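Engineer: Mind having a look at this structure? Questions to follow.
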Amino acid sequence: MHKCNTNCVEKPISKGFGKLGRIVGRYPWVFLISPLIISAGLGAGFYFLKDRESNNIEDQFTPKNGPAKEERAYIKANFPHGEEFSSLRLYTDGTSASLIAVHSTNILTQEAFQEVVKLDQKVKQIQADGSQKIFSNLCAKDRESKCVSNPILDIVSEFVNQGTPIHYPSHYIQNNTEFIGTAIGGVSQNVNNSVKTAQAIRLFYYLEEDKKNETDLWLKTFIKNFSGSTAPETISVSYFTSISREEEFDTNSKTVIPLFSVTYFLAIFVSIMSCLRLDCVRNKFWVATFGVLSAGLAVLTSFGLLLFCGMPFVMTVATAPFLILGIGVDDMFIMISCWQKTKVKAKVEDRMAETYQEAAVSITITTLTDVLAFYIGLMTPFGSVQSFCMYTGTALVFCYIYNITFFGAFLALNGQRERSNRHWLICRKVETPNPDNKGNACSVGGAYDPETGAEEEMPINILFRKYYGPFLTKPWTKVFVILIYLGYLAGSIYGCFQMQEGIDLKNLAPDDSYVASYYDNEDRYFSEYGPFVMLVIKDEKFHYWEKSARDNLNVCLNELESSDMVDENITIFWLDSYEQYGAHLNLSDETVFMRNLPTFLNVSGFNQDVKLDVPSNKIVASRLFISTVNIRTAIDEKNMLNFFRETASTCGQKMDLMVYHPAFIYYDQYAVIVSNTIQNIVVATVVMLVISLLLIPHPLCSLWVTFAIASVIVGVAGFMALWDVNLDSISMINLVICIGFSVDFSAHISYAFVSSEKKTANEKAIDAIYNLGYPIIQGAVSTIAGVVVLSAAKSYIFRTFFKIMFLVILFGALHGIVFIPIFLTFFGCCSDSSSVQGEKDQSGNGQHLRHSNVQLSGQRSFNQNRSFNQNQNRSDYSRDPDCP
């Protein structure tokens with residue numbers, strides 16, 4: 001006897017779907033045309049696509065509630081940009097253009113440097129398209145209202161023309177100490193630390209931030225000029241602007257558009273090939289075609305609806321149609337398979353009722369798992385993930401609705417053609433096969449199994465039952481499979497320890513983008529010195545004039561500067577300069593300290609680093625800058641961020657400290673990516689466990705499903721790391737997606753095993769594989785066909801999507817038809833109690849038993865109140881459980 005926990009849930013649902021199937025079979029044109037009208041209406045939402053596009057990298061690929069965004073708000077409120085521009089004090093990335101000039105050996109030669117000077121002159125003469133503005137009209141100004149220049153040009157000029165030594169990384173010029181660590185790279189030094197040779201020079205061109213329209217035009221002209229210009233003879237040039245990431249990110253979606261046609265062709269081809277029959281009446285060519293069309297209509301409708309509702313459309317959503325297509329045709333295969341098990345001579349509406357009773361429950365369960373997996377992804381703080389999950393989850397809902405309406409309606413119309421025994425292409429009536437006319441496949445068709453009244457069994461199902469199943473359940477095969485699984489598990493766990501976190505910003509641009517070239521040169525020549533991190537003293541009660549307070553602050557500074565990620569010689573602190581300035585003053589006296597401070601700030605250029613409350617004559621907040629070094633990888637960025645924040649927090653027990661840099665906006669992903677991924681996976685796994693408990697009559701087998709989910713996730717996570725895929729906002733959601741897919745495979749095979757009427761565990765495994773082997777392969781191949789073209793994309797985002805989906809489908813299918821059936825045979829407790837005796841008898845006494853009263857994924861018996869023998873005697877009325 002089977003548990004009621006499944007039948008009590010599924011029985012009324014099955015009856016309801018049976019009634020729906022009968023209605024669809026009776027009025028197919030209504031259900032065929034209505035989705036087309038709805039799709040046309042909601043598809044008009046694509047008119048708003050341009051307005052809904054949201055390709056701001058900060059908004060979409062950084063945590064919405066990241067600490068750095070709150071820190072930036074504090075910096076903006078307390079240390080606003082002054083009239084005098086300072087790149088060191090920017091709390092955003094700023095508005096700028098940049099060039100990196102590279103020489104193969106030494107750029108500090110007369111010839112090479114002249115090329116650099118010409119580049120500088122070229123930039124300053126660029127005139128924005130549609131405007132008369134050149135660089136000098138838009139540039140950021142210093143305290144003398146002159147354009148902020150590149151001091152490195154003057155420094156190198158003196159070196160080349162006069163032989164003046166260049167001191168690295170700080171050089172004294174014109175009564176100022178200039179930090180040139182980020183302006184000259186690939187440096188080799190003499191014994192006295194002066195520069196001997198250098199391979200690269202970087203130039204920055206900062207613009208005013210309050211003239212966005214004009215500066216954007218100038219930056220676009222800058223990109224246009226350098227993208228079409230001829231490279232200098234002696235140096236190579238890479239370039240970048242503050243709008244480049246968004247511009248190139250936007251082009252990513254355009255690079256994948258040509259792949260859509262190839263994808264749909266492959267999906268249609270795979271669907272048709274897997275549904276082709278030699279019988280000219282039973283051929284499912286048009287059924288498969290309309291199954292693909294149904295998925296396309298679902299994408300059109302759901303995307304249009306969300307665009308109407310104002311949902312942001314992020315470029316990552318462009319991968320969703322590939323996924324929807326794969327899942328849609330998977331549901332189509334289930335419905336076709338169930339249709340083929342109905343009596344071909346029955347009325348179409350009766351066949352539709354039976355098909356829906358069996359298939360609709362199954363695709364409802366699989367759709368539920370997949371949709372929940374996507375909607376759970378809405379819990380993440382990344383906008384790109386939320387947008388992807390919303391669009392894809394909603395599309396799956398419409399895909400499900402259209403499968404049981406639009407596709408079901410066409411299945412009914414196709415059934416009318418088959419009932420009239422008409423040719424699949426020309427709709428002309430053909431003869432029914434008989435002993436005298438079996439040979440002509442073009443003019444004879446409509447064959448069926450006279451014993452069951454259903455369509456003839458497909459050869460591949462026979463292959464699974466007679467050959468693959470018995471081979472897989474042999475003892476030596478089991479040992480070999482276990483060894484393969486242990487190797488899989490070992491490789492997966494090893495890969496998990498090799499995983500890198502975070503997204504490299506250059507991966508948001510196409511592979512052949514100029515942005516990638518600039519980032520490569522930046523990493524190669526300018527990675528020795530990292531960002532200058534702001535250390536902000538927020539404590540309004542901090543007594544800067546007291547020695548004890550300064551000593552406490554120095555303890556914190558010494559702790560920070562003791563790290564190998566910090567250059568202790570390049571800290572920029574106004575208080576140190578003030579002590580030198582006021583060496584002749586008694587700065588330990590509060591009155592003297594505060595009276596002379598404003599004068600010092602104005603003459604020294606530190607006026608933007610101290611916020612004074614004039615009425616109360618108090619320092620509200622102040623900041624200093626700490627130079628970081630050797631920040632080359634994502635791990636370095638993560639460690640640096642954690643070190644600074646933890647140290648500031650520890651020191652904050654004595655004073656209120658905060659650290660900030662504009663790059664921290666992007667580094668914040670490291671703080672949440674792992675915890676959010678684990679959170680989403682755990683929540684999704686618990687939800688899937690609940691669903692599997694409802695789906696599978698035996699609780700222990702539900703735990704096996706959970707085990708399979710965990711196994712697939714570990715495998716995907718481990719092998720994606722070995723396949724050079726980082727754990728980031730792009731790959732994170734795919735780990736949640738794989739839960740839904742692993743449930744699709746493992747839950748169905750487990751349910752078929754525990755529900756089988758076979759007596760031995762081996763027979764149950766063979767029976768489950770016989771029922772599900774072909775649908776699993778069909779679904780896996782169709783889904784991979786839906787994403788395989790993305791492997792040829794020029795974008796890291798789309799290639800990552802392909803890699804992870806490939807791993808998900810591959811490992812999910814392996815668990816479904818190889819690993820799980822073997823593991824289940826080791827645990828007789830997953831069988832019914834009546835099967836225990838059968839384990840002792842391998843003589844084949846149970847071979848006559850057909851589990852006609854149990855179907856996959858909650859599929860119910862044709863008549864559960866009839867005895868098993870009655871079902872045997874009426875086999876022509878009971879449907880074969882091969883229906884997936």
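Letters A, B, ... go to the chains of the structure tokens in the order shown; residues in each chain start at 1; ligands are counted from 1 in the same order.
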Please list as a list in words every residue within 6 Å of Arg22 of chain A, counting only C-alpha atoms and excluding residues in the same chain fewer than 3 positions away.

Structural biologist: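 The filter keeps Lys19, Gly25, Glu349, Met352 and Ala353 of chain A.
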
Engineer: Output C-alpha atoms for every residue in that selection, as a PDB file, in the first residue's frame.

Structural biologist:
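Final output, result-v6.pdb:
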```
ATOM      1  CA  LYS A  19     -11.484  18.243 -16.561  1.00  0.00           C
ATOM      2  CA  GLY A  25      -9.757  18.959 -26.228  1.00  0.00           C
ATOM      3  CA  GLU A 349     -11.154  15.005 -25.522  1.00  0.00           C
ATOM      4  CA  MET A 352      -6.611  14.954 -23.559  1.00  0.00           C
ATOM      5  CA  ALA A 353      -8.274  14.317 -20.192  1.00  0.00           C
TER       6      ALA A 353
END
```

Engineer: Identify all residues of segment 477-623 of chain A in strand (DSSP E) (DSSP on the backbone) and supply them as a PDB file with C-alpha atoms, in the first residue's frame.

Structural biologist:
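To be explicit, this is the file written out as out-v2.pdb:
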```
ATOM      1  CA  TYR A 529      50.264  50.491  -5.609  1.00  0.00           C
ATOM      2  CA  GLY A 530      46.595  50.191  -4.755  1.00  0.00           C
ATOM      3  CA  PRO A 531      44.015  52.763  -3.689  1.00  0.00           C
ATOM      4  CA  PHE A 532      44.578  55.449  -1.053  1.00  0.00           C
ATOM      5  CA  VAL A 533      42.116  54.448   1.644  1.00  0.00           C
ATOM      6  CA  MET A 534      40.430  57.187   3.670  1.00  0.00           C
ATOM      7  CA  LEU A 535      40.549  56.744   7.427  1.00  0.00           C
ATOM      8  CA  VAL A 536      37.836  59.009   8.838  1.00  0.00           C
ATOM      9  CA  ILE A 537      37.695  60.137  12.447  1.00  0.00           C
ATOM     10  CA  ILE A 572      48.923  61.621   4.083  1.00  0.00           C
ATOM     11  CA  PHE A 573      47.659  63.155   7.342  1.00  0.00           C
ATOM     12  CA  VAL A 610      38.730  68.727   8.160  1.00  0.00           C
ATOM     13  CA  LYS A 611      35.098  69.619   8.768  1.00  0.00           C
ATOM     14  CA  LEU A 612      34.847  72.536  11.161  1.00  0.00           C
ATOM     15  CA  ASP A 613      31.725  73.668  12.924  1.00  0.00           C
ATOM     16  CA  LYS A 618      34.752  72.231  16.946  1.00  0.00           C
ATOM     17  CA  ILE A 619      36.140  69.615  14.575  1.00  0.00           C
ATOM     18  CA  VAL A 620      33.139  67.532  13.519  1.00  0.00           C
ATOM     19  CA  ALA A 621      35.188  65.023  11.507  1.00  0.00           C
ATOM     20  CA  SER A 622      38.527  64.697   9.754  1.00  0.00           C
ATOM     21  CA  ARG A 623      40.286  62.211   7.511  1.00  0.00           C
TER      22      ARG A 623
END
```

Engineer: To one decimal place, how far is atom CA of Arg26 of chain A from atom CA of Val444 of chain A in Å?

Structural biologist: 28.0 Å

Engineer: Which one of A:Ser54, A:Ser87, A:Asn283, A:Asn213 sits closest to His661 of chain A if you count only C-alpha atoms?

Structural biologist: A:Ser87

Engineer: Hey, what's within 12 Å of Pro459 of chain A if we count only C-alpha atoms and toss same-chain stuff fewer than 3 positions away? As a PyMOL selection string, please?

Structural biologist: chain A and resi 277-278+456+462-467+770+774

Engineer: Any chance you could export the current selection's C-alpha atoms as a JSON list (two decimals), in the first residue's frame?

Structural biologist:
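Result file is again-v6.json:
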```
[["chain", "number", "residue", "atom", "x", "y", "z"],
["A", 277, "ARG", "CA", 8.44, 8.94, -35.95],
["A", 278, "LEU", "CA", 8.74, 6.80, -39.04],
["A", 456, "GLU", "CA", 3.86, 1.61, -30.32],
["A", 462, "ILE", "CA", 13.23, -0.96, -24.99],
["A", 463, "LEU", "CA", 16.97, -0.25, -24.87],
["A", 464, "PHE", "CA", 16.70, 1.10, -21.32],
["A", 465, "ARG", "CA", 14.56, -1.85, -20.16],
["A", 466, "LYS", "CA", 16.39, -4.74, -21.79],
["A", 467, "TYR", "CA", 20.01, -3.59, -21.86],
["A", 770, "TYR", "CA", 12.81, 2.37, -18.12],
["A", 774, "TYR", "CA", 14.46, 8.79, -22.31]]
```
